[in-house]
$ cat start.cif   # mmCIF, C-alpha atoms
data_my_file
#
loop_
_atom_site.group_PDB
_atom_site.id
_atom_site.type_symbol
_atom_site.label_atom_id
_atom_site.label_comp_id
_atom_site.auth_asym_id
_atom_site.auth_seq_id
_atom_site.Cartn_x
_atom_site.Cartn_y
_atom_site.Cartn_z
ATOM 1 C CA MET A 1 -44.414 -24.056 36.336
ATOM 2 C CA ARG A 2 -43.629 -20.851 34.419
ATOM 3 C CA SER A 3 -40.674 -19.915 36.599
ATOM 4 C CA ARG A 4 -39.162 -23.358 36.023
ATOM 5 C CA LYS A 5 -39.638 -23.008 32.275
ATOM 6 C CA LYS A 6 -38.147 -19.520 32.349
ATOM 7 C CA LYS A 7 -35.131 -20.763 34.321
ATOM 8 C CA LEU A 8 -34.608 -23.556 31.798
ATOM 9 C CA GLU A 9 -34.689 -21.038 28.954
ATOM 10 C CA GLU A 10 -32.175 -18.821 30.742
ATOM 11 C CA ALA A 11 -29.915 -21.810 31.361
ATOM 12 C CA GLU A 12 -30.097 -22.767 27.667
ATOM 13 C CA ILE A 13 -29.155 -19.217 26.679
ATOM 14 C CA ILE A 14 -26.193 -19.240 29.057
ATOM 15 C CA LEU A 15 -25.018 -22.606 27.740
ATOM 16 C CA ALA A 16 -25.401 -21.473 24.123
ATOM 17 C CA ASN A 17 -23.370 -18.326 24.822
ATOM 18 C CA GLU A 18 -20.673 -20.402 26.518
ATOM 19 C CA ARG A 19 -20.496 -22.796 23.550
ATOM 20 C CA LEU A 20 -20.254 -19.855 21.173
ATOM 21 C CA ARG A 21 -17.435 -18.293 23.197
ATOM 22 C CA LYS A 22 -15.508 -21.582 23.275
ATOM 23 C CA ALA A 23 -15.983 -22.056 19.512
ATOM 24 C CA GLU A 24 -14.662 -18.536 18.840
ATOM 25 C CA GLU A 25 -11.634 -19.154 21.067
ATOM 26 C CA ALA A 26 -10.921 -22.432 19.270
ATOM 27 C CA ARG A 27 -11.194 -20.746 15.877
ATOM 28 C CA GLU A 28 -8.832 -17.945 16.961
ATOM 29 C CA SER A 29 -6.256 -20.416 18.268
ATOM 30 C CA GLU A 30 -6.388 -22.377 14.985
ATOM 31 C CA THR A 31 -5.741 -19.285 12.864
ATOM 32 C CA PRO A 32 -2.086 -19.432 11.821
ATOM 33 C CA ALA A 33 0.187 -16.460 12.303
ATOM 34 C CA ALA A 34 0.896 -14.237 9.317
ATOM 35 C CA ASP A 35 2.994 -15.971 6.692
ATOM 36 C CA PRO A 36 6.569 -14.601 6.867
ATOM 37 C CA GLN A 37 6.631 -14.131 3.095
ATOM 38 C CA THR A 38 3.678 -11.752 3.156
ATOM 39 C CA LYS A 39 5.359 -9.493 5.712
ATOM 40 C CA ASN A 40 7.928 -8.370 3.133
ATOM 41 C CA VAL A 41 5.408 -7.354 0.474
ATOM 42 C CA LEU A 42 4.864 -3.608 0.086
ATOM 43 C CA THR A 43 1.398 -2.119 0.236
ATOM 44 C CA THR A 44 -0.078 -0.256 -2.718
ATOM 45 C CA THR A 45 0.654 3.095 -1.094
ATOM 46 C CA GLN A 46 4.266 2.107 -0.520
ATOM 47 C CA TRP A 47 4.660 0.989 -4.158
ATOM 48 C CA LEU A 48 3.192 4.274 -5.384
ATOM 49 C CA SER A 49 5.615 6.180 -3.149
ATOM 50 C CA VAL A 50 8.586 4.225 -4.515
ATOM 51 C CA ILE A 51 7.462 4.837 -8.118
ATOM 52 C CA PHE A 52 6.966 8.551 -7.402
ATOM 53 C CA ILE A 53 10.483 8.842 -5.956
ATOM 54 C CA ILE A 54 11.995 7.054 -8.971
ATOM 55 C CA ILE A 55 10.151 9.347 -11.389
ATOM 56 C CA LEU A 56 11.215 12.375 -9.353
ATOM 57 C CA VAL A 57 14.887 11.338 -9.398
ATOM 58 C CA VAL A 58 14.785 10.631 -13.157
ATOM 59 C CA GLY A 59 13.123 14.017 -13.736
ATOM 60 C CA ILE A 60 15.794 15.813 -11.714
ATOM 61 C CA TYR A 61 18.506 13.965 -13.651
ATOM 62 C CA TYR A 62 17.124 15.052 -17.047
ATOM 63 C CA LYS A 63 16.516 18.622 -15.822
ATOM 64 C CA ARG A 64 20.150 18.757 -14.729
ATOM 65 C CA GLU A 65 21.262 17.902 -18.275
ATOM 66 C CA GLU A 66 19.180 20.744 -19.753
ATOM 67 C CA ILE A 67 20.675 23.361 -17.426
#
$ encode --input "start.cif" --output "structure tokens"
Amino acid sequence: MRSRKKKLEEAEIILANERLRKAEEARESETPAADPQTKNVLTTTQWLSVIFIIILVVGIYYKREEI
């Protein structure tokens, strides 16, 4: 009787894992691809780099006038 009960429990675990795997696959397939508009947005690091370069160029320009 115990071995039958144990086999039923194992079967339930296997079925639950299979349902979970299928649900995860369905959720992944429903996730839309990245919006094309968000691909063109710069990251914070990239914005800081652009600002730094602009400040550097402006600084060089004003230094040139002093010399």
$ atom_distance --input "start.cif" --atom1 "CA of Tyr62 in chain A" --atom2 "CA of Leu42 in chain A"
28.1 Å
$ atom_distance --input "start.cif" --atom1 "CA of Leu8 in chain A" --atom2 "CA of Glu24 in chain A"
24.3 Å
$ atom_distance --input "start.cif" --atom1 "CA of Gln46 in chain A" --atom2 "CA of Tyr61 in chain A"
22.7 Å
$ axis_aligned_box --input "start.cif" --around "range 45-58 of chain A" --padding-each-side "8 Å" --output "AutoDock Vina command-line options"
--center_x 7.8 --center_y 6.7 --center_z -6.8 --size_x 30.2 --size_y 27.4 --size_z 28.6
$ build_atoms --input "start.cif" --residues "range 11-32 of chain A" --atoms "N, CA and C atoms" --output "compact mmCIF listing (two decimals), in the coordinates of the input"
# COMPACT_ATOMS: atom_id res chain seq x y z
N ALA A 11 -31.05 -20.89 31.30
CA ALA A 11 -29.92 -21.81 31.36
C ALA A 11 -29.47 -22.20 29.95
N GLU A 12 -30.42 -22.43 29.06
CA GLU A 12 -30.10 -22.77 27.67
C GLU A 12 -29.37 -21.61 26.98
N ILE A 13 -29.80 -20.40 27.26
CA ILE A 13 -29.16 -19.22 26.68
C ILE A 13 -27.72 -19.10 27.19
N ILE A 14 -27.53 -19.32 28.48
CA ILE A 14 -26.19 -19.24 29.06
C ILE A 14 -25.29 -20.31 28.45
N LEU A 15 -25.81 -21.52 28.33
CA LEU A 15 -25.02 -22.61 27.74
C LEU A 15 -24.69 -22.32 26.27
N ALA A 16 -25.65 -21.79 25.53
CA ALA A 16 -25.40 -21.47 24.12
C ALA A 16 -24.33 -20.39 23.99
N ASN A 17 -24.39 -19.38 24.85
CA ASN A 17 -23.37 -18.33 24.82
C ASN A 17 -21.99 -18.89 25.17
N GLU A 18 -21.94 -19.79 26.13
CA GLU A 18 -20.67 -20.40 26.52
C GLU A 18 -20.10 -21.25 25.37
N ARG A 19 -20.95 -22.00 24.70
CA ARG A 19 -20.50 -22.80 23.55
C ARG A 19 -19.98 -21.89 22.43
N LEU A 20 -20.67 -20.80 22.20
CA LEU A 20 -20.25 -19.86 21.17
C LEU A 20 -18.90 -19.24 21.52
N ARG A 21 -18.71 -18.87 22.77
CA ARG A 21 -17.43 -18.29 23.20
C ARG A 21 -16.30 -19.29 23.02
N LYS A 22 -16.53 -20.54 23.41
CA LYS A 22 -15.51 -21.58 23.28
C LYS A 22 -15.19 -21.85 21.80
N ALA A 23 -16.21 -21.84 20.94
CA ALA A 23 -15.98 -22.06 19.51
C ALA A 23 -15.16 -20.92 18.91
N GLU A 24 -15.43 -19.68 19.33
CA GLU A 24 -14.66 -18.54 18.84
C GLU A 24 -13.22 -18.61 19.31
N GLU A 25 -12.99 -19.01 20.55
CA GLU A 25 -11.63 -19.15 21.07
C GLU A 25 -10.89 -20.24 20.30
N ALA A 26 -11.56 -21.34 20.01
CA ALA A 26 -10.92 -22.43 19.27
C ALA A 26 -10.56 -21.98 17.86
N ARG A 27 -11.44 -21.23 17.24
CA ARG A 27 -11.19 -20.75 15.88
C ARG A 27 -10.02 -19.77 15.87
N GLU A 28 -9.93 -18.91 16.88
CA GLU A 28 -8.83 -17.94 16.96
C GLU A 28 -7.50 -18.65 17.19
N SER A 29 -7.50 -19.70 18.00
CA SER A 29 -6.26 -20.42 18.27
C SER A 29 -5.81 -21.22 17.05
N GLU A 30 -6.74 -21.62 16.18
CA GLU A 30 -6.39 -22.38 14.98
C GLU A 30 -5.88 -21.48 13.86
N THR A 31 -6.17 -20.20 13.92
CA THR A 31 -5.74 -19.28 12.86
C THR A 31 -4.22 -19.16 12.91
N PRO A 32 -3.55 -19.51 11.81
CA PRO A 32 -2.09 -19.43 11.82
C PRO A 32 -1.61 -17.99 11.83
